[in-house]
Every structure is written in C-alpha cells, then in structure tokens.
>>> print(open('protein-v6.json').read())   # JSON, C-alpha atoms
[["chain", "number", "residue", "atom", "x", "y", "z"],
["A", 1, "ALA", "CA", 98.49, 247.85, 45.67],
["A", 2, "ARG", "CA", 100.06, 250.51, 43.46],
["A", 3, "PHE", "CA", 99.65, 253.23, 46.11],
["A", 4, "LEU", "CA", 101.12, 250.98, 48.79],
["A", 5, "ARG", "CA", 104.22, 250.24, 46.70],
["A", 6, "ASP", "CA", 104.65, 253.93, 45.87],
["A", 7, "ALA", "CA", 104.28, 254.84, 49.56],
["A", 8, "GLU", "CA", 107.00, 252.34, 50.48],
["A", 9, "LYS", "CA", 109.37, 254.09, 48.07],
["A", 10, "VAL", "CA", 108.56, 257.55, 49.42],
["A", 11, "LEU", "CA", 108.87, 256.44, 53.06],
["A", 12, "GLY", "CA", 111.86, 254.21, 52.48],
["A", 13, "ARG", "CA", 110.26, 251.46, 54.53],
["A", 14, "GLU", "CA", 108.47, 248.21, 53.84],
["A", 15, "ILE", "CA", 104.79, 248.20, 54.85],
["A", 16, "GLU", "CA", 103.63, 245.02, 56.56],
["A", 17, "ILE", "CA", 100.20, 243.79, 55.48],
["A", 18, "ILE", "CA", 98.16, 241.82, 57.99],
["A", 19, "LYS", "CA", 95.20, 239.72, 56.89],
["A", 20, "SER", "CA", 92.50, 237.57, 58.38],
["A", 21, "THR", "CA", 93.40, 233.92, 58.79],
["A", 22, "GLU", "CA", 89.71, 233.00, 58.98],
["A", 23, "TYR", "CA", 88.12, 234.83, 56.02],
["A", 24, "ALA", "CA", 89.39, 235.20, 52.47],
["A", 25, "SER", "CA", 87.32, 238.16, 51.30],
["A", 26, "VAL", "CA", 84.32, 240.41, 51.92],
["A", 27, "ASP", "CA", 82.09, 237.91, 50.12],
["A", 28, "ASP", "CA", 83.43, 235.11, 52.28],
["A", 29, "VAL", "CA", 82.51, 237.05, 55.45],
["A", 30, "ILE", "CA", 78.98, 237.79, 54.23],
["A", 31, "GLU", "CA", 78.33, 234.27, 52.94],
["A", 32, "ARG", "CA", 79.46, 232.57, 56.12],
["A", 33, "ARG", "CA", 78.14, 235.02, 58.70],
["A", 34, "ARG", "CA", 74.85, 235.68, 56.87],
["A", 35, "TYR", "CA", 75.16, 239.35, 57.72],
["A", 36, "ILE", "CA", 75.92, 242.36, 55.51],
["A", 37, "ASN", "CA", 75.41, 245.74, 57.16],
["A", 38, "GLY", "CA", 73.11, 247.11, 59.81],
["A", 39, "PRO", "CA", 72.83, 248.79, 63.21],
["A", 40, "ALA", "CA", 75.93, 246.95, 64.46],
["A", 41, "GLY", "CA", 78.00, 247.98, 61.44],
["A", 42, "ALA", "CA", 79.26, 245.96, 58.50],
["A", 43, "ALA", "CA", 80.40, 242.38, 59.05],
["A", 44, "CYS", "CA", 83.39, 242.87, 56.74],
["A", 45, "THR", "CA", 84.66, 245.83, 58.79],
["A", 46, "LEU", "CA", 84.47, 243.78, 61.97],
["A", 47, "MET", "CA", 86.02, 240.56, 60.69],
["A", 48, "LEU", "CA", 88.55, 241.84, 58.13],
["A", 49, "LYS", "CA", 89.74, 245.00, 59.89],
["A", 50, "LYS", "CA", 88.92, 245.24, 63.60],
["A", 51, "ARG", "CA", 89.37, 241.58, 64.54],
["A", 52, "VAL", "CA", 92.57, 241.34, 62.49],
["A", 53, "ARG", "CA", 94.00, 244.43, 64.21],
["A", 54, "GLN", "CA", 92.95, 243.14, 67.62],
["A", 55, "GLN", "CA", 94.68, 239.80, 67.01],
["A", 56, "TRP", "CA", 97.83, 241.61, 65.92],
["A", 57, "GLU", "CA", 97.69, 243.66, 69.10],
["A", 58, "ARG", "CA", 97.42, 240.56, 71.26],
["A", 59, "ASP", "CA", 100.45, 239.08, 69.52],
["A", 60, "ASN", "CA", 102.63, 242.18, 69.31],
["A", 61, "LEU", "CA", 101.84, 244.99, 71.76],
["A", 62, "THR", "CA", 104.55, 245.49, 74.34],
["A", 63, "GLY", "CA", 102.99, 248.11, 76.61],
["A", 64, "ASP", "CA", 104.95, 251.03, 75.15],
["A", 65, "ASP", "CA", 103.24, 251.30, 71.78],
["A", 66, "VAL", "CA", 102.00, 254.26, 69.76],
["A", 67, "TYR", "CA", 99.30, 254.20, 67.12],
["A", 68, "ILE", "CA", 99.49, 256.84, 64.38],
["A", 69, "TRP", "CA", 96.00, 257.33, 62.94],
["A", 70, "GLY", "CA", 95.32, 259.00, 59.59],
["A", 71, "TYR", "CA", 92.08, 260.76, 60.49],
["A", 72, "ASP", "CA", 91.92, 264.26, 59.01],
["A", 73, "ALA", "CA", 90.65, 267.51, 60.50],
["A", 74, "ASN", "CA", 87.05, 266.62, 59.66],
["A", 75, "GLU", "CA", 87.14, 263.28, 61.47],
["A", 76, "LYS", "CA", 87.57, 264.37, 65.06],
["A", 77, "LYS", "CA", 84.55, 262.35, 66.24],
["A", 78, "ARG", "CA", 86.08, 259.18, 64.82],
["A", 79, "ALA", "CA", 89.33, 259.98, 66.60],
["A", 80, "ASP", "CA", 87.45, 260.47, 69.88],
["A", 81, "ARG", "CA", 85.81, 257.06, 69.49],
["A", 82, "ILE", "CA", 89.16, 255.43, 68.81],
["A", 83, "SER", "CA", 90.74, 257.08, 71.86],
["A", 84, "ALA", "CA", 87.89, 255.83, 74.04],
["A", 85, "ALA", "CA", 88.02, 252.28, 72.70],
["A", 86, "GLN", "CA", 91.74, 251.80, 72.13],
["A", 87, "ILE", "CA", 93.31, 252.21, 75.54],
["A", 88, "GLU", "CA", 96.05, 249.57, 75.22],
["A", 89, "ALA", "CA", 98.38, 251.96, 73.42],
["A", 90, "ARG", "CA", 98.96, 255.68, 73.02],
["A", 91, "ASN", "CA", 97.03, 257.19, 70.12],
["A", 92, "GLU", "CA", 98.28, 260.09, 68.03],
["A", 93, "PHE", "CA", 96.39, 261.96, 65.31],
["A", 94, "PRO", "CA", 98.95, 264.11, 63.49],
["A", 95, "LEU", "CA", 96.60, 265.29, 60.74],
["A", 96, "ILE", "CA", 94.04, 266.53, 63.26],
["A", 97, "GLU", "CA", 96.76, 268.12, 65.39],
["A", 98, "ARG", "CA", 97.90, 270.06, 62.33],
["A", 99, "ASN", "CA", 94.33, 270.75, 61.18],
["A", 100, "LEU", "CA", 94.97, 269.11, 57.82],
["A", 101, "THR", "CA", 92.00, 268.23, 55.62],
["A", 102, "LYS", "CA", 91.88, 265.34, 53.19],
["A", 103, "ALA", "CA", 92.38, 267.71, 50.25],
["A", 104, "GLU", "CA", 95.47, 269.18, 51.89],
["A", 105, "CYS", "CA", 96.86, 265.70, 52.51],
["A", 106, "HIS", "CA", 96.33, 264.84, 48.86],
["A", 107, "ALA", "CA", 98.22, 268.00, 47.91],
["A", 108, "ILE", "CA", 101.13, 266.98, 50.15],
["A", 109, "CYS", "CA", 101.20, 263.56, 48.51],
["A", 110, "GLY", "CA", 101.29, 265.25, 45.13],
["A", 111, "ARG", "CA", 104.30, 267.35, 46.11],
["A", 112, "LEU", "CA", 106.04, 264.17, 47.28],
["A", 113, "GLY", "CA", 105.34, 262.51, 43.94],
["A", 114, "LEU", "CA", 102.91, 260.07, 45.52],
["A", 115, "LYS", "CA", 99.90, 259.69, 43.24],
["A", 116, "ARG", "CA", 96.70, 259.25, 45.19],
["A", 117, "PRO", "CA", 94.40, 256.22, 44.54],
["A", 118, "VAL", "CA", 92.46, 256.55, 41.31],
["A", 119, "MET", "CA", 89.07, 256.41, 43.05],
["A", 120, "TYR", "CA", 89.68, 259.94, 44.33],
["A", 121, "ASP", "CA", 90.44, 261.14, 40.81],
["A", 122, "MET", "CA", 87.10, 259.66, 39.74],
["A", 123, "GLY", "CA", 85.30, 261.78, 42.33],
["A", 124, "TYR", "CA", 84.73, 259.25, 45.11],
["A", 125, "PRO", "CA", 85.23, 260.62, 48.66],
["A", 126, "ASN", "CA", 86.95, 257.45, 49.88],
["A", 127, "ASN", "CA", 89.10, 254.67, 48.48],
["A", 128, "ASN", "CA", 86.83, 251.83, 49.63],
["A", 129, "CYS", "CA", 86.31, 248.46, 48.02],
["A", 130, "ILE", "CA", 84.64, 248.87, 44.64],
["A", 131, "GLY", "CA", 81.08, 247.93, 45.52],
["A", 132, "CYS", "CA", 81.29, 248.73, 49.24],
["A", 133, "VAL", "CA", 78.26, 247.34, 51.08],
["A", 134, "LYS", "CA", 78.31, 250.40, 53.37],
["A", 135, "GLY", "CA", 77.77, 252.81, 50.48],
["A", 136, "GLY", "CA", 74.63, 254.92, 50.21],
["A", 137, "MET", "CA", 72.36, 255.65, 47.26],
["A", 138, "GLY", "CA", 74.62, 258.27, 45.66],
["A", 139, "TYR", "CA", 77.61, 255.95, 45.92],
["A", 140, "TRP", "CA", 75.80, 253.04, 44.27],
["A", 141, "ASN", "CA", 74.45, 255.23, 41.50],
["A", 142, "ARG", "CA", 78.05, 256.12, 40.68],
["A", 143, "ILE", "CA", 79.15, 252.47, 40.86],
["A", 144, "ARG", "CA", 76.37, 251.61, 38.42],
["A", 145, "ARG", "CA", 77.77, 254.20, 36.01],
["A", 146, "ASP", "CA", 81.51, 253.70, 36.53],
["A", 147, "PHE", "CA", 81.67, 249.96, 37.23],
["A", 148, "PRO", "CA", 78.56, 248.42, 35.64],
["A", 149, "ASP", "CA", 79.99, 244.90, 35.89],
["A", 150, "VAL", "CA", 80.35, 245.23, 39.67],
["A", 151, "TYR", "CA", 76.88, 246.71, 40.01],
["A", 152, "GLU", "CA", 75.41, 243.94, 37.86],
["A", 153, "GLU", "CA", 77.07, 241.30, 39.99],
["A", 154, "TYR", "CA", 75.48, 242.68, 43.14],
["A", 155, "ASP", "CA", 72.18, 243.25, 41.42],
["A", 156, "ASN", "CA", 71.72, 239.79, 39.97],
["A", 157, "THR", "CA", 73.86, 237.21, 41.67],
["A", 158, "ARG", "CA", 76.06, 238.03, 44.63],
["A", 159, "TYR", "CA", 73.41, 238.19, 47.32],
["A", 160, "ALA", "CA", 70.54, 236.58, 45.46],
["A", 161, "ALA", "CA", 67.56, 234.96, 47.13],
["A", 162, "ASP", "CA", 68.72, 231.40, 46.61],
["A", 163, "LYS", "CA", 71.62, 232.14, 48.96],
["A", 164, "TYR", "CA", 69.73, 234.19, 51.53],
["A", 165, "ASP", "CA", 66.38, 232.53, 52.10],
["A", 166, "LYS", "CA", 67.40, 232.19, 55.72],
["A", 167, "GLU", "CA", 66.18, 233.12, 59.17],
["A", 168, "PHE", "CA", 68.37, 233.89, 62.16],
["A", 169, "ASP", "CA", 68.59, 236.05, 65.29],
["A", 170, "PHE", "CA", 71.23, 238.72, 65.85],
["A", 171, "LEU", "CA", 71.56, 241.43, 68.53],
["A", 172, "GLY", "CA", 67.93, 241.09, 69.56],
["A", 173, "TRP", "CA", 66.62, 241.19, 65.98],
["A", 174, "HIS", "CA", 64.99, 238.34, 64.06],
["A", 175, "PHE", "CA", 66.06, 238.44, 60.40],
["A", 176, "HIS", "CA", 64.45, 236.69, 57.48],
["A", 177, "PHE", "CA", 66.24, 237.13, 54.15],
["A", 178, "TRP", "CA", 63.77, 236.53, 51.36],
["A", 179, "GLY", "CA", 63.37, 236.54, 47.60],
["A", 180, "ASN", "CA", 60.52, 236.86, 45.12],
["A", 181, "ASP", "CA", 61.29, 235.88, 41.53],
["A", 182, "THR", "CA", 57.76, 236.15, 40.17],
["A", 183, "GLY", "CA", 56.90, 238.55, 37.39],
["A", 184, "GLY", "CA", 60.31, 238.25, 35.72],
["A", 185, "THR", "CA", 62.02, 240.78, 38.03],
["A", 186, "PRO", "CA", 63.71, 239.23, 41.09],
["A", 187, "ARG", "CA", 63.33, 241.15, 44.34],
["A", 188, "TYR", "CA", 65.50, 240.45, 47.34],
["A", 189, "GLY", "CA", 65.34, 241.83, 50.82],
["A", 190, "ALA", "CA", 64.90, 241.15, 54.49],
["A", 191, "THR", "CA", 62.18, 241.24, 57.09],
["A", 192, "MET", "CA", 63.38, 242.37, 60.50],
["A", 193, "SER", "CA", 61.35, 242.07, 63.67],
["A", 194, "ARG", "CA", 61.89, 243.04, 67.30],
["A", 195, "ASP", "CA", 59.60, 243.63, 70.28],
["A", 196, "GLY", "CA", 56.47, 242.84, 68.28],
["A", 197, "GLU", "CA", 57.25, 245.28, 65.48],
["A", 198, "THR", "CA", 58.31, 244.38, 61.95],
["A", 199, "TRP", "CA", 60.25, 246.26, 59.28],
["A", 200, "GLU", "CA", 60.62, 245.10, 55.70],
["A", 201, "CYS", "CA", 63.74, 246.17, 53.85],
["A", 202, "ASP", "CA", 63.89, 245.45, 50.12],
["A", 203, "TYR", "CA", 66.96, 245.30, 47.87],
["A", 204, "ASP", "CA", 67.23, 249.07, 47.49],
["A", 205, "CYS", "CA", 67.17, 249.53, 51.25],
["A", 206, "MET", "CA", 69.73, 246.80, 51.87],
["A", 207, "PHE", "CA", 72.27, 247.93, 49.30],
["A", 208, "LEU", "CA", 71.56, 251.59, 48.57],
["A", 209, "ALA", "CA", 70.79, 252.91, 52.05],
["A", 210, "ASP", "CA", 72.99, 253.31, 55.08],
["A", 211, "PHE", "CA", 70.72, 251.76, 57.76],
["A", 212, "ASP", "CA", 71.16, 254.91, 59.83],
["A", 213, "ASP", "CA", 67.41, 255.11, 60.54],
["A", 214, "ILE", "CA", 67.16, 251.62, 62.04],
["A", 215, "ASN", "CA", 67.83, 251.68, 65.75]]
>>> encode(input="protein-v6.json", output="structure tokens")
Amino acid sequence: ARFLRDAEKVLGREIEIIKSTEYASVDDVIERRRYINGPAGAACTLMLKKRVRQQWERDNLTGDDVYIWGYDANEKKRADRISAAQIEARNEFPLIERNLTKAECHAICGRLGLKRPVMYDMGYPNNNCIGCVKGGMGYWNRIRRDFPDVYEEYDNTRYAADKYDKEFDFLGWHFHFWGNDTGGTPRYGATMSRDGETWECDYDCMFLADFDDIN
C-alpha cells in the first residue's frame, strides 16, 4: 500500500485497484476451491488476478486498448506467453524494449525518490504475498527466519488435516488430502493418482516445492 501511494505521487495519477467480487483473500480461494498449487498453477493467481483482469476487460475494453506490462529484460518468455494469450488488446513491454533489468528499474525508482517495497531490501527476488504458496524451499526457509509467525501459521493451522481430509478430481487427477497426527508430530499432504499411477506428496512437497516435476 505504501509503494502504491508513493507511485501515485510520482506519476501524478490515481491508481485504480480492482478486486475479486467472489473471493476475499488467498485463504478464501484455497478453502473454497480445495486447491493450492500444482500443474495448472496456483488457484489464487487464477481467481484473484487472471479472472479479475478478464472480468475488467469484458466490462471496459473498447477495441483500441493498450496494455503496458512491467516485465523486465529477463522475462521475455513471460512476455511471449502474454502476447500469445492476450490478443484482445495491443501489448507493449517497455522494459524489455529498453533492455532494462529489475535492478536497473529499482535504480530508476531510487532516482525518482520512489522507495521500492521492503521485501526487496530484505533480499527477496519478488514482492509476493508474505507466505506465497508458489514459493520454493529457499523462499520458505527465509520466511521461517524472517516471518516466523507466518511460517508457524502455515505449519500448524492454515492448511491442517482437519480442513483437508478430502477427495476430489481435477484436470484428470484424483486428489486425496490427508493428515496423520499420530506420534505427536502432525503430517499433512496429498495423494495424487492418474492413469493407474500414484504419487504421494507430503507437507514439505506441497509447501516447499514448486511442483515443476509433476506433469
């Protein structure tokens, strides 16, 4: 919120914030959809970002629109995917066109008097939600150190077994979220099956890995 207000002052323009009318938060998405992150991507990204943008487009695009995307020089593949998927408007990528890296963009912000989000100053590569479900092992090790209360919440309560002892089918997979509280140390995870094969993913896999190897 602080960065957004500062950016408005530098730009001299009010920034409109659009939000989901269906979901209140990341937790709300995960609780209601019974899905966190996997081969299809994170549920929060779909419902709180993509679907919200798509609804705004349906309500507002006029046919002569331009999207300005903030992908830097190292994100050309992401820009290519956007260009292929977003054909309703013209897409421009000024940072890529000028071959600007994230570090160079931060330097420009500094010269403008626009202080970057504090997560970058703490050494994180992105300014995601604190406790992002898409984070890998290194990310969560840092969250455990820098934000122990957030890590503890995920570890003990947020996606505990009493909420996720469920079975459902999604994108050809059969999921069973399970829990085992014996022995004094709760373990949570999921069993995933497809085409006669089964994979078991425990808590560390679900929350510390990126799911890139599941296809």
>>> residues_around(input="protein-v6.json", residues="A:Glu16", least_positions_apart="4", cutoff="12 Å", atoms="all atoms listed in the file", output="list of chain:residue names")
A:Leu4, A:Arg5, A:Glu8, A:Trp56
>>> closest_residue(input="protein-v6.json", among="A:Gly138, A:Gly113, A:Pro94, A:Gly172", to="A:Pro39", atoms="all atoms listed in the file")
A:Gly172
>>> residues_around(input="protein-v6.json", residues="A:Leu61", least_positions_apart="4", cutoff="12 Å", atoms="all atoms listed in the file", output="MDAnalysis selection string")
chainID A and resid 53:57 65:67 87:90
>>> atom_distance(input="protein-v6.json", atom1="atom CA of A:Glu22", atom2="atom CA of A:Leu48")
9.0 Å
>>> closest_residue(input="protein-v6.json", among="A:Ile18, A:Cys105, A:Leu11, A:Ile36", to="A:Ala190", atoms="all atoms listed in the file")
A:Ile36
